[in-house]
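Here is run09.cif, consisting of mmCIF, C-alpha atoms and all ligand atoms:
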data_target
loop_
_atom_site.label_atom_id
_atom_site.label_comp_id
_atom_site.auth_asym_id
_atom_site.auth_seq_id
_atom_site.Cartn_x
_atom_site.Cartn_y
_atom_site.Cartn_z
CA MET A 1 -0.68 5.79 -9.56
CA GLY A 2 -1.79 2.73 -11.49
CA LYS A 3 -4.61 0.41 -10.48
CA LYS A 4 -3.64 -1.61 -7.42
CA LEU A 5 -3.85 -5.33 -7.95
CA VAL A 6 -5.31 -6.98 -4.94
CA GLU A 7 -3.77 -10.35 -4.38
CA ASN A 8 -5.25 -13.06 -2.29
CA VAL A 9 -2.26 -13.27 -0.11
CA VAL A 10 -2.54 -15.05 3.18
CA GLU A 11 0.54 -13.60 4.76
CA PRO A 12 0.30 -14.15 8.47
CA GLU A 13 2.98 -12.95 10.81
CA SER A 14 4.79 -16.14 10.01
CA GLY A 15 8.22 -14.79 10.85
CA ARG A 16 9.39 -16.26 7.56
CA GLN A 17 10.79 -14.38 4.60
CA ARG A 18 8.91 -16.50 2.15
CA LEU A 19 5.78 -18.63 2.14
CA MET A 20 5.36 -21.71 -0.04
CA ALA A 21 2.80 -21.40 -2.85
CA GLU A 22 0.30 -23.63 -1.00
CA GLU A 23 0.46 -21.27 1.99
CA ARG A 24 0.51 -18.06 0.02
CA PHE A 25 -2.51 -19.02 -2.05
CA ALA A 26 -4.24 -21.19 0.54
CA ASN A 27 -7.60 -19.47 0.18
CA GLU A 28 -7.57 -19.69 -3.64
CA LEU A 29 -6.74 -23.39 -3.46
CA ALA A 30 -9.46 -24.02 -0.88
CA ALA A 31 -12.05 -22.20 -3.03
CA LEU A 32 -10.99 -24.12 -6.14
CA ARG A 33 -11.22 -27.43 -4.29
CA GLU A 34 -14.64 -26.56 -2.98
CA GLN A 35 -15.98 -25.57 -6.41
CA ASP A 36 -14.25 -28.26 -8.47
CA ARG A 37 -16.84 -30.28 -10.38
CA PHE A 38 -14.51 -32.06 -12.79
CA GLU A 39 -12.83 -35.42 -12.67
CA ARG A 40 -9.48 -35.66 -10.92
CA PRO A 41 -6.67 -38.04 -11.85
CA GLY A 42 -5.76 -40.49 -9.05
CA GLY A 43 -4.02 -38.82 -6.13
CA TRP A 44 -4.71 -35.27 -7.38
CA LEU A 45 -6.36 -32.68 -5.17
CA LEU A 46 -7.74 -30.71 -8.13
CA SER A 47 -8.97 -31.50 -11.60
CA PRO A 48 -6.72 -30.49 -14.53
CA ARG A 49 -9.11 -27.60 -15.31
CA SER A 50 -8.86 -26.20 -11.83
CA VAL A 51 -5.08 -26.56 -11.82
CA ARG A 52 -4.98 -24.50 -15.02
CA ASP A 53 -7.33 -21.92 -13.51
CA PHE A 54 -5.14 -21.65 -10.43
CA ILE A 55 -2.05 -20.98 -12.55
CA CYS A 56 -3.54 -18.90 -15.39
CA GLY A 57 -6.28 -17.17 -13.37
CA THR A 58 -10.00 -16.88 -14.00
CA SER A 59 -11.92 -13.97 -15.48
CA LYS A 60 -14.44 -13.95 -12.62
CA PRO A 61 -13.88 -14.45 -8.89
CA LEU A 62 -15.01 -17.78 -7.45
CA LYS A 63 -18.07 -17.69 -5.22
CA THR A 64 -17.60 -20.03 -2.31
CA ALA A 65 -20.35 -21.73 -0.28
CA GLY A 66 -19.98 -18.99 2.32
CA ARG A 67 -20.73 -16.57 -0.58
CA GLU A 68 -17.29 -15.10 -0.32
CA SER A 69 -15.78 -14.04 -3.67
CA ILE A 70 -12.23 -15.22 -4.15
CA PRO A 71 -10.39 -13.78 -7.18
CA ILE A 72 -8.12 -16.34 -8.82
CA LEU A 73 -5.21 -14.30 -10.15
CA ARG A 74 -2.93 -15.18 -13.01
CA LYS A 75 0.35 -16.38 -11.54
CA PHE A 76 2.26 -17.54 -14.60
CA PHE A 77 2.34 -15.15 -17.57
CA GLY A 78 3.02 -16.60 -20.97
CA ASP A 79 1.92 -19.56 -22.92
CA ASP A 80 -1.28 -21.05 -21.46
CA SER A 81 -1.06 -24.02 -23.80
CA LEU A 82 2.33 -24.84 -22.28
CA VAL A 83 0.66 -24.86 -18.87
CA GLU A 84 -2.05 -27.22 -20.14
CA ARG A 85 0.50 -29.57 -21.70
CA ALA A 86 2.52 -29.55 -18.49
CA ILE A 87 -0.56 -30.52 -16.48
CA VAL A 88 -1.47 -33.27 -18.94
CA THR A 89 2.07 -34.67 -18.78
CA LEU A 90 1.87 -34.94 -15.00
CA ALA A 91 -1.17 -37.18 -15.34
CA THR A 92 0.81 -39.59 -17.54
CA ASP A 93 3.66 -41.92 -16.69
CA ARG A 94 6.25 -39.50 -18.00
CA GLY A 95 7.98 -36.80 -15.97
CA LEU A 96 7.87 -33.10 -16.86
CA MET A 97 11.10 -31.28 -17.74
CA LEU A 98 10.91 -27.48 -17.78
CA ILE A 99 13.89 -25.97 -19.55
CA GLY A 100 14.72 -22.38 -20.43
CA GLU A 101 16.79 -19.29 -19.77
CA PRO A 102 17.35 -18.22 -16.16
CA GLY A 103 14.53 -16.29 -14.51
CA THR A 104 11.72 -17.46 -16.81
CA ALA A 105 9.65 -18.87 -13.92
CA LYS A 106 10.50 -22.56 -14.33
CA SER A 107 10.82 -22.99 -10.59
CA LEU A 108 7.72 -20.89 -9.98
CA LEU A 109 5.68 -22.99 -12.40
CA SER A 110 6.90 -26.21 -10.85
CA GLU A 111 6.03 -24.93 -7.37
CA LEU A 112 2.55 -23.86 -8.48
CA LEU A 113 1.89 -27.22 -10.16
CA ALA A 114 2.98 -29.16 -7.08
CA ALA A 115 0.95 -26.92 -4.75
CA ALA A 116 -2.20 -27.26 -6.85
CA ILE A 117 -1.96 -30.97 -7.66
CA SER A 118 -0.45 -32.39 -4.49
CA GLY A 119 -1.12 -29.65 -1.95
CA VAL A 120 2.59 -29.46 -1.09
CA SER A 121 5.53 -28.09 -3.02
CA HIS A 122 8.31 -28.82 -0.54
CA LEU A 123 9.22 -32.33 -1.75
CA THR A 124 12.12 -30.78 -3.59
CA ILE A 125 15.60 -31.93 -4.50
CA GLN A 126 18.03 -29.07 -5.15
CA GLY A 127 20.38 -30.34 -7.81
CA SER A 128 24.06 -29.39 -7.60
CA ALA A 129 27.43 -30.94 -8.28
CA ALA A 130 27.36 -32.11 -4.65
CA THR A 131 23.94 -33.85 -4.78
CA THR A 132 24.16 -37.49 -3.76
CA GLU A 133 21.84 -40.46 -4.18
CA ASP A 134 21.05 -40.32 -0.43
CA GLN A 135 19.53 -36.89 -0.83
CA ILE A 136 17.22 -38.17 -3.55
CA ARG A 137 16.11 -41.64 -2.44
CA TYR A 138 16.74 -42.34 1.25
CA SER A 139 19.52 -42.58 3.78
CA TRP A 140 19.86 -44.48 7.06
CA ASN A 141 19.51 -43.48 10.66
CA TYR A 142 22.69 -45.23 11.74
CA ALA A 143 21.77 -45.47 15.43
CA LEU A 144 18.55 -47.32 14.53
CA LEU A 145 20.30 -49.32 11.86
CA VAL A 146 22.83 -50.61 14.37
CA ALA A 147 20.20 -51.21 17.07
CA LYS A 148 17.52 -52.84 14.93
CA GLY A 149 19.17 -53.79 11.69
CA PRO A 150 17.90 -52.71 8.30
CA SER A 151 14.17 -52.01 8.41
CA ARG A 152 11.83 -49.40 6.97
CA GLU A 153 11.91 -47.76 10.38
CA SER A 154 15.64 -47.15 10.13
CA LEU A 155 15.23 -45.39 6.77
CA VAL A 156 15.40 -41.63 6.52
CA PRO A 157 13.18 -40.88 3.55
CA ALA A 158 14.38 -38.30 1.02
CA PRO A 159 11.94 -36.44 -1.31
CA LEU A 160 11.65 -39.18 -3.94
CA TYR A 161 10.79 -41.84 -1.33
CA GLN A 162 8.27 -39.50 0.28
CA GLY A 163 6.65 -38.53 -3.01
CA MET A 164 6.31 -42.18 -4.05
CA THR A 165 4.84 -43.36 -0.76
CA GLN A 166 2.54 -40.35 -0.35
CA GLY A 167 1.47 -40.14 -4.00
CA LYS A 168 2.74 -36.61 -4.45
CA LEU A 169 4.71 -34.61 -6.98
CA VAL A 170 8.44 -34.35 -6.44
CA ARG A 171 10.36 -31.35 -7.76
CA PHE A 172 13.90 -31.83 -9.00
CA GLU A 173 15.44 -28.38 -9.40
CA GLU A 174 18.43 -27.80 -11.68
CA ILE A 175 18.69 -31.49 -12.48
CA THR A 176 21.48 -31.02 -15.02
CA ARG A 177 23.81 -29.69 -12.34
CA CYS A 178 23.93 -33.15 -10.76
CA PRO A 179 26.49 -35.72 -11.80
CA LEU A 180 25.07 -37.97 -14.55
CA GLU A 181 25.05 -41.09 -12.37
CA VAL A 182 22.94 -39.23 -9.80
CA GLN A 183 20.50 -38.01 -12.45
CA ASP A 184 20.11 -41.56 -13.62
CA VAL A 185 18.85 -42.68 -10.20
CA ILE A 186 15.39 -41.59 -11.27
CA VAL A 187 15.37 -43.50 -14.57
CA PRO A 188 14.13 -46.85 -13.17
CA ILE A 189 11.78 -45.07 -10.80
CA LEU A 190 10.08 -43.21 -13.62
CA SER A 191 9.72 -46.30 -15.75
CA GLU A 192 8.95 -49.00 -13.19
CA ARG A 193 7.33 -46.71 -10.58
CA LEU A 194 9.21 -48.83 -8.09
CA MET A 195 12.18 -48.16 -5.82
CA LEU A 196 14.23 -51.14 -4.75
CA ILE A 197 15.98 -51.11 -1.39
CA PRO A 198 18.58 -53.86 -1.62
CA GLU A 199 19.18 -53.93 2.15
CA LEU A 200 15.57 -54.95 2.84
CA GLU A 201 14.19 -58.37 2.03
CA GLY A 202 11.33 -59.29 -0.27
CA ALA A 203 8.31 -57.04 -0.54
CA ASN A 204 9.64 -54.90 2.28
CA GLY A 205 12.40 -53.74 -0.02
CA MET A 206 10.02 -52.67 -2.75
CA ILE A 207 8.62 -49.17 -2.56
CA HIS A 208 5.73 -48.78 -4.99
CA ALA A 209 4.67 -45.35 -6.17
CA ARG A 210 1.12 -44.42 -5.24
CA PRO A 211 -1.15 -42.62 -7.70
CA GLY A 212 -0.36 -38.92 -7.85
CA PHE A 213 3.42 -39.40 -7.79
CA ASN A 214 5.42 -37.89 -10.62
CA VAL A 215 8.53 -35.75 -11.12
CA ILE A 216 8.84 -32.15 -12.31
CA ALA A 217 12.43 -31.32 -13.18
CA THR A 218 13.84 -27.92 -14.13
CA ALA A 219 17.01 -27.14 -16.04
CA ASN A 220 18.62 -23.93 -17.09
CA THR A 221 19.70 -23.75 -20.72
CA ARG A 222 22.51 -21.29 -19.93
CA ASP A 223 24.12 -23.93 -17.75
CA ARG A 224 26.05 -26.68 -19.36
CA GLY A 225 24.16 -29.92 -19.30
CA VAL A 226 20.78 -30.27 -21.02
CA ASN A 227 22.46 -31.95 -23.97
CA GLU A 228 24.52 -34.16 -21.74
CA MET A 229 21.58 -35.82 -20.02
CA SER A 230 21.52 -39.50 -20.75
CA ALA A 231 19.22 -40.60 -23.55
CA ALA A 232 17.51 -42.92 -21.06
CA LEU A 233 16.62 -40.01 -18.80
CA LYS A 234 15.53 -37.75 -21.67
CA ARG A 235 13.21 -40.44 -22.90
CA ARG A 236 11.31 -40.50 -19.63
CA PHE A 237 10.46 -36.81 -19.67
CA ASN A 238 8.32 -34.55 -21.78
CA PHE A 239 10.29 -31.37 -22.38
CA GLU A 240 8.70 -27.94 -22.30
CA THR A 241 10.68 -24.79 -23.03
CA VAL A 242 9.67 -21.82 -20.91
CA ARG A 243 10.36 -18.52 -22.70
CA PRO A 244 10.54 -14.94 -21.46
CA ILE A 245 7.17 -13.15 -21.26
CA PRO A 246 6.47 -11.99 -24.83
CA SER A 247 4.23 -9.01 -24.07
CA ILE A 248 5.37 -5.79 -22.39
CA ALA A 249 1.88 -5.26 -20.94
CA ASP A 250 1.91 -8.68 -19.23
CA GLU A 251 5.43 -8.24 -17.97
CA LEU A 252 4.52 -4.80 -16.64
CA GLU A 253 1.50 -6.17 -14.82
CA LEU A 254 3.60 -8.88 -13.23
CA VAL A 255 6.49 -6.60 -12.24
CA GLN A 256 4.10 -4.00 -10.77
CA ARG A 257 2.23 -6.62 -8.80
CA GLU A 258 5.38 -8.34 -7.52
CA VAL A 259 6.97 -5.06 -6.48
CA GLU A 260 3.87 -3.97 -4.58
CA ARG A 261 3.64 -7.37 -2.93
CA GLN A 262 7.29 -7.44 -1.92
CA LEU A 263 7.16 -3.89 -0.56
CA GLN A 264 4.02 -4.79 1.37
CA GLY A 265 5.83 -7.84 2.79
CA LEU A 266 8.70 -5.61 3.85
CA LYS A 267 6.14 -3.17 5.30
CA ILE A 268 7.70 -0.37 3.32
CA ASP A 269 5.47 2.25 1.85
CA VAL A 270 6.75 3.67 -1.44
CA GLU A 271 4.74 5.24 -4.21
CA VAL A 272 5.49 3.12 -7.27
CA ASP A 273 4.01 4.68 -10.35
CA ARG A 274 3.21 2.23 -13.12
CA ASP A 275 4.61 4.66 -15.72
CA VAL A 276 8.00 4.54 -14.01
CA THR A 277 7.98 0.74 -13.77
CA GLU A 278 7.13 0.72 -17.46
CA LEU A 279 10.44 2.47 -18.29
CA LEU A 280 12.25 -0.44 -16.69
CA VAL A 281 10.11 -3.16 -18.26
CA GLN A 282 10.41 -1.60 -21.71
CA THR A 283 14.19 -1.26 -21.33
CA PHE A 284 14.50 -4.93 -20.32
CA HIS A 285 12.21 -6.04 -23.13
CA GLU A 286 14.04 -4.05 -25.81
CA LEU A 287 17.52 -5.09 -24.67
CA ARG A 288 16.44 -8.72 -24.37
CA THR A 289 14.82 -8.91 -27.78
CA GLY A 290 17.34 -6.64 -29.54
CA LYS A 291 14.51 -4.53 -30.94
CA THR A 292 12.69 -1.39 -29.87
CA VAL A 293 8.90 -1.27 -29.83
CA GLU A 294 9.15 0.87 -32.97
CA GLY A 295 11.17 -1.88 -34.69
CA ALA A 296 14.68 -0.37 -34.59
CA SER A 297 17.50 -2.72 -33.70
CA VAL A 298 19.28 -2.50 -30.37
CA GLN A 299 22.66 -3.87 -29.30
CA GLN A 300 21.93 -6.76 -26.92
CA PRO A 301 23.95 -7.24 -23.74
CA SER A 302 25.18 -10.78 -23.17
CA SER A 303 23.68 -10.94 -19.66
CA VAL A 304 20.24 -12.45 -19.33
CA LEU A 305 17.68 -9.77 -18.60
CA SER A 306 14.98 -11.81 -17.00
CA THR A 307 11.66 -10.72 -15.56
CA ALA A 308 12.92 -11.93 -12.20
CA GLU A 309 15.72 -9.38 -12.48
CA ALA A 310 13.34 -6.63 -13.55
CA VAL A 311 11.42 -7.28 -10.33
CA SER A 312 14.56 -7.10 -8.25
CA VAL A 313 15.71 -3.85 -9.93
CA ALA A 314 12.31 -2.30 -9.27
CA VAL A 315 12.31 -3.40 -5.63
CA SER A 316 15.87 -2.11 -5.00
CA ALA A 317 15.07 1.18 -6.73
CA SER A 318 11.91 1.53 -4.63
CA LEU A 319 13.84 0.91 -1.42
CA HIS A 320 16.37 3.48 -2.59
CA ALA A 321 13.52 5.95 -3.08
CA LYS A 322 12.33 5.27 0.44
CA PHE A 323 15.70 5.38 2.17
CA TYR A 324 17.41 8.20 0.29
CA GLY A 325 14.80 9.78 -1.95
CA SER A 326 11.36 11.33 -1.78
CA GLY A 327 9.40 8.14 -1.01
CA LYS A 328 8.18 8.09 -4.61
CA LEU A 329 10.03 5.97 -7.16
CA GLU A 330 11.80 8.18 -9.72
CA PRO A 331 13.33 7.24 -13.11
CA SER A 332 16.80 8.13 -11.80
CA GLU A 333 16.56 5.43 -9.13
CA ILE A 334 15.75 2.87 -11.80
CA VAL A 335 18.84 3.92 -13.76
CA GLU A 336 20.97 3.67 -10.63
CA HIS A 337 19.94 0.06 -10.01
CA LEU A 338 19.95 -1.07 -13.65
CA VAL A 339 23.69 -1.48 -13.76
CA GLY A 340 23.79 -4.12 -11.05
CA SER A 341 21.56 -6.49 -12.97
CA ALA A 342 22.09 -5.62 -16.62
CA VAL A 343 25.86 -5.33 -16.52
CA LYS A 344 27.58 -8.59 -15.71
CA GLU A 345 30.07 -8.78 -18.56
CA PRO A 346 32.48 -5.98 -19.61
CA ASP A 347 30.65 -5.28 -22.89
CA ASP A 348 27.24 -4.99 -21.25
CA ARG A 349 27.90 -1.49 -19.94
CA LYS A 350 28.62 -0.35 -23.47
CA ALA A 351 25.39 -1.91 -24.74
CA LEU A 352 23.41 -0.19 -22.00
CA GLY A 353 25.19 3.12 -22.66
CA THR A 354 24.41 2.92 -26.37
CA TYR A 355 20.76 2.14 -25.61
CA PHE A 356 20.55 5.31 -23.52
CA ASP A 357 22.50 7.48 -26.00
CA VAL A 358 20.39 6.38 -28.95
CA ASN A 359 17.00 5.01 -27.95
CA VAL A 360 16.31 6.72 -24.64
CA LYS A 361 17.60 10.02 -26.03
CA GLY A 362 15.26 9.76 -28.99
CA ARG A 363 12.24 9.39 -26.71
CA ALA A 364 13.46 12.06 -24.26
CA GLU A 365 12.71 14.73 -26.81
CA GLN A 366 9.03 13.87 -26.82
CA ASN A 367 8.25 12.54 -23.37
CA GLU A 368 8.85 14.07 -19.96
CA LEU A 369 9.36 10.77 -18.15
CA TRP A 370 11.86 9.46 -20.71
CA LYS A 371 13.57 12.85 -20.45
CA ARG A 372 14.10 12.32 -16.72
CA TYR A 373 15.25 8.77 -17.40
CA TYR A 374 17.78 10.03 -19.96
CA ALA A 375 18.94 12.83 -17.64
CA ALA A 376 20.07 10.20 -15.10
CA ARG A 377 22.29 8.33 -17.61
CA LYS A 378 25.53 9.39 -15.91
CA LYS A 379 24.58 7.02 -13.08
CA LEU A 380 25.35 4.18 -15.50
CA GLY A 381 29.03 4.96 -15.01
CA LYS A 382 31.78 4.45 -17.53
N1 LIG B 1 6.29 -15.90 -17.08
C1 LIG B 1 6.32 -15.50 -15.80
N2 LIG B 1 5.19 -15.54 -15.06
C2 LIG B 1 5.20 -15.19 -13.77
N3 LIG B 1 6.30 -14.78 -13.11
C3 LIG B 1 7.45 -14.70 -13.78
C4 LIG B 1 7.52 -15.07 -15.16
N4 LIG B 1 8.80 -14.92 -15.56
C5 LIG B 1 9.50 -14.50 -14.50
N5 LIG B 1 8.70 -14.35 -13.43
C6 LIG B 1 9.16 -13.84 -12.12
O1 LIG B 1 10.46 -14.35 -11.93
C7 LIG B 1 10.57 -14.94 -10.65
C8 LIG B 1 11.67 -15.99 -10.62
O2 LIG B 1 11.42 -17.04 -11.47
P1 LIG B 1 12.04 -18.50 -11.19
O3 LIG B 1 12.99 -18.47 -10.07
O4 LIG B 1 10.92 -19.43 -11.14
O5 LIG B 1 12.86 -18.63 -12.53
P2 LIG B 1 13.66 -19.88 -13.07
O6 LIG B 1 13.28 -20.03 -14.48
O7 LIG B 1 13.52 -21.03 -12.16
O8 LIG B 1 15.14 -19.33 -13.01
P3 LIG B 1 16.53 -20.14 -12.82
O9 LIG B 1 16.81 -20.82 -14.12
O10 LIG B 1 17.51 -19.02 -12.54
O11 LIG B 1 16.33 -21.07 -11.68
C9 LIG B 1 9.19 -15.44 -10.37
O12 LIG B 1 8.97 -15.63 -9.01
C10 LIG B 1 8.36 -14.29 -10.92
O13 LIG B 1 8.32 -13.22 -10.03
MG MG B 2 14.84 -22.12 -10.96
#
Take the structure in the file and give it back as structure tokens.
Ligand SMILES: Nc1ncnc2c1ncn2[C@@H]1O[C@H](COP(=O)(O)OP(=O)(O)OP(=O)(O)O)[C@@H](O)[C@H]1O
Ligand SMILES: [Mg+2]
Amino acid sequence: MGKKLVENVVEPESGRQRLMAEERFANELAALREQDRFERPGGWLLSPRSVRDFICGTSKPLKTAGRESIPILRKFFGDDSLVERAIVTLATDRGLMLIGEPGTAKSLLSELLAAAISGVSHLTIQGSAATTEDQIRYSWNYALLVAKGPSRESLVPAPLYQGMTQGKLVRFEEITRCPLEVQDVIVPILSERLMLIPELEGANGMIHARPGFNVIATANTRDRGVNEMSAALKRRFNFETVRPIPSIADELELVQREVERQLQGLKIDVEVDRDVTELLVQTFHELRTGKTVEGASVQQPSSVLSTAEAVSVAVSASLHAKFYGSGKLEPSEIVEHLVGSAVKEPDDRKALGTYFDVNVKGRAEQNELWKRYYAARKKLGK
């Protein structure tokens, strides 16, 4: 079995399926804050260097005052210069727009940035066709409004109002799914750093953004919309394109770590051999890029084969191994669960079948593990 990656997870018996980044990595963030010797932009809890270290990891563990060593693990795999540019943008008066294919960790990166810079990542607007202005700015508590008239007290603050008044980062997920007029609500706020509440008089109706406030938006390039954003909105953001993880080794490390973490969270003990996970990661990588590691071309399925999906295939296959198999993840269980994520369009099954008949078969002659992988191909179905 491959080297176990020990993560600094603070996973109490919270009774929750998922912890926010600031909870999950609370001890890393505390150690970074304690050791941070660099200047911090106004309203930030960490310096830009420490934010980068939190996201990209450090080569050595951090020694805290209590002499405890806290490893700072890499959390986002890919372009570190993109991470630096994203951090720099958040210190300016422009918002950050993360765009890219589904499952490339745009939401993860935005959550990590908010957790490191503001200490909270929950000031989040989930964009959809049904998102309204109320859910972004504020709404009214009608009982109080009737009893006391319009006042700040009768306001029900939404994430943008909270982020501005608390000087924190606000996340706007899937912004392009919102109607254009709703997207445009943030245009004056990003430029003037001021929210006007017409129902309130004078200075009371002016909400000024405190230092530390900014917006991180994400948008999926497979969805319609990035091109339809208004020019005014586009102009107020710096765009960064997040791409799939380029290296198989990095993707393998991430998938292995995530699978072990998720199985641990589920309290399910399965032996997950890194060599078996590698079959999956290599398959995803080759189908996604349309090229084998040896340089031969491969028919690409039209479905997006994201790292996020590789993780979910590996977790399902591992659970399968536990519930119906030997308790050790086998190549056949990977094949069984591949179809559900790699085949979403009619032609995808053919592309996957061809990959097995040509590329997997070729390797099966020389390698025992690939041989077992190939032997399970009938599970792909017709
Ligand atoms: N470059 C990467 N670094 C770290 N984790 C990654 C990376 N790419 C994908 N992942 C994994 O994928 C998971 C899901 O990513 P996330 O939901 O952030 O993607 P997304 O780009 O927001 O997708 P969508 O467009 O569908 O919303 C992450 O939690 C992580 O496990
Ligand atoms: Mg997302």
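Between CA of Gly327 (chain A) and CA of Asp269 (chain A) the interatomic distance comes to 7.6 Å.
Interatomic distance, atom O4 of ligand LIG 1 (chain B) to CA of Leu98 (chain A): 10.4 Å.
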Within 7 Å of ligand LIG 1 (chain B), counting all atoms listed in the file, residues as a PyMOL selection string: chain A and resi 75-78+100-109+219-220+244-245+254+258+306-308+311
Please provide as a VMD selection string all residues within 6 Å of region 169-179 of chain A, with the sequence filter that same-chain residues fewer than 3 positions apart are discarded (counting all atoms listed in the file). chain A and resid 114 123 to 129 163 182 213 to 219 225
Put those residues in a file: C-alpha atoms, as a PDB file, in the frame of the given file.
ATOM      1  CA  ALA A 114       2.980 -29.160  -7.080  1.00  0.00           C
ATOM      2  CA  LEU A 123       9.220 -32.330  -1.750  1.00  0.00           C
ATOM      3  CA  THR A 124      12.120 -30.780  -3.590  1.00  0.00           C
ATOM      4  CA  ILE A 125      15.600 -31.930  -4.500  1.00  0.00           C
ATOM      5  CA  GLN A 126      18.030 -29.070  -5.150  1.00  0.00           C
ATOM      6  CA  GLY A 127      20.380 -30.340  -7.810  1.00  0.00           C
ATOM      7  CA  SER A 128      24.060 -29.390  -7.600  1.00  0.00           C
ATOM      8  CA  ALA A 129      27.430 -30.940  -8.280  1.00  0.00           C
ATOM      9  CA  GLY A 163       6.650 -38.530  -3.010  1.00  0.00           C
ATOM     10  CA  VAL A 182      22.940 -39.230  -9.800  1.00  0.00           C
ATOM     11  CA  PHE A 213       3.420 -39.400  -7.790  1.00  0.00           C
ATOM     12  CA  ASN A 214       5.420 -37.890 -10.620  1.00  0.00           C
ATOM     13  CA  VAL A 215       8.530 -35.750 -11.120  1.00  0.00           C
ATOM     14  CA  ILE A 216       8.840 -32.150 -12.310  1.00  0.00           C
ATOM     15  CA  ALA A 217      12.430 -31.320 -13.180  1.00  0.00           C
ATOM     16  CA  THR A 218      13.840 -27.920 -14.130  1.00  0.00           C
ATOM     17  CA  ALA A 219      17.010 -27.140 -16.040  1.00  0.00           C
ATOM     18  CA  GLY A 225      24.160 -29.920 -19.300  1.00  0.00           C
TER      19      GLY A 225
END
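With all atoms listed in the file as the atoms that count, the residue of A:Lys371, A:Arg222, A:Arg137, A:Arg94 with the shortest distance to ligand MG 2 (chain B) is A:Arg222.
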With all atoms listed in the file as the atoms that count, which of A:Ala232, A:Leu145, A:Leu200, A:Ile99 lies nearest to ligand MG 2 (chain B)? A:Ile99
If we count all atoms listed in the file and set the cut-off at 10 Å, which residues sit around Glu333 (chain A), ignoring sequence neighbours fewer than 6 positions away in its own chain? Please answer as a tab-separated table (two decimals) with C-alpha atoms, keeping the file's coordinate frame.
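Result saved to out.tsv:
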chain	number	residue	atom	x	y	z
A	276	VAL	CA	8.00	4.54	-14.01
A	313	VAL	CA	15.71	-3.85	-9.93
A	314	ALA	CA	12.31	-2.30	-9.27
A	316	SER	CA	15.87	-2.11	-5.00
A	317	ALA	CA	15.07	1.18	-6.73
A	318	SER	CA	11.91	1.53	-4.63
A	319	LEU	CA	13.84	0.91	-1.42
A	320	HIS	CA	16.37	3.48	-2.59
A	321	ALA	CA	13.52	5.95	-3.08
A	324	TYR	CA	17.41	8.20	0.29
A	325	GLY	CA	14.80	9.78	-1.95
A	373	TYR	CA	15.25	8.77	-17.40
A	376	ALA	CA	20.07	10.20	-15.10
A	379	LYS	CA	24.58	7.02	-13.08
Test item: residues at most 6 Å from Ser118 (chain A), only C-alpha atoms, excluding those fewer than 6 positions along its chain, as a compact mmCIF listing (two decimals) with C-alpha atoms, keeping the file's coordinate frame:
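The result, written out as selection_3.txt:
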# COMPACT_ATOMS: atom_id res chain seq x y z
CA TRP A 44 -4.71 -35.27 -7.38
CA LEU A 45 -6.36 -32.68 -5.17
CA LYS A 168 2.74 -36.61 -4.45
Kindly give the distance, in Å, that separates CA of Ala86 (chain A) and CA of Glu34 (chain A), rounded to a single decimal. 23.3 Å
For Pro41 (chain A), work out the shell of residues within 9 Å, counting all atoms listed in the file and skipping chain neighbours fewer than 3 positions away, then give it as a ChimeraX atom specification. /A:44-48,91,211-212
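Closest approach to ligand MG 2 (chain B) among A:Ala130, A:Leu329, A:Val146, A:Met97: A:Met97, based on only C-alpha atoms and all ligand atoms.
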Pick from A:Val335, A:Leu32, A:Val242, A:Ala147 nearest to ligand MG 2 (chain B), counting all atoms listed in the file: A:Val242
Please determine, counting only C-alpha atoms and all ligand atoms, which residue among A:Gln300, A:Leu29, A:Glu365, A:Ser110 has the shortest atom-to-atom distance to ligand MG 2 (chain B). A:Ser110
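Distances to ligand MG 2 (chain B) were evaluated for A:Thr221, A:Gly43, A:Leu160, A:Glu253 using all atoms listed in the file, and the minimum falls at A:Thr221.
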Might you pull out every residue within 10 Å of Ile87 (chain A), with all atoms listed in the file counted and same-chain residues fewer than 2 positions away left off, and present them as a list in words? Ser47, Pro48, Arg49, Val51, Arg52, Ser81, Leu82, Val83, Glu84, Arg85, Thr89, Leu90, Ala91, Thr92, Leu96, Leu113 and Ile117 of chain A
Could you give me, as a list in words, the residues that sit within 6 Å of (10.7, -50.2, -2.3) in the file's coordinates, counting all atoms listed in the file? Met195, Leu196, Ile197, Gly205, Met206, Ile207 and His208 of chain A
List the residues sitting within 7 Å of (-13.5, -27.4, -12.4) in the file's frame, using only C-alpha atoms, as a PyMOL selection string. chain A and resi 35-38+47+49-50
Per-axis box centre and lengths in Å around region 116-123 of chain A, 4 Å margin per side, axis-aligned, as AutoDock Vina command-line options:
--center_x 3.5 --center_y -29.8 --center_z -4.1 --size_x 19.4 --size_y 13.1 --size_z 15.1
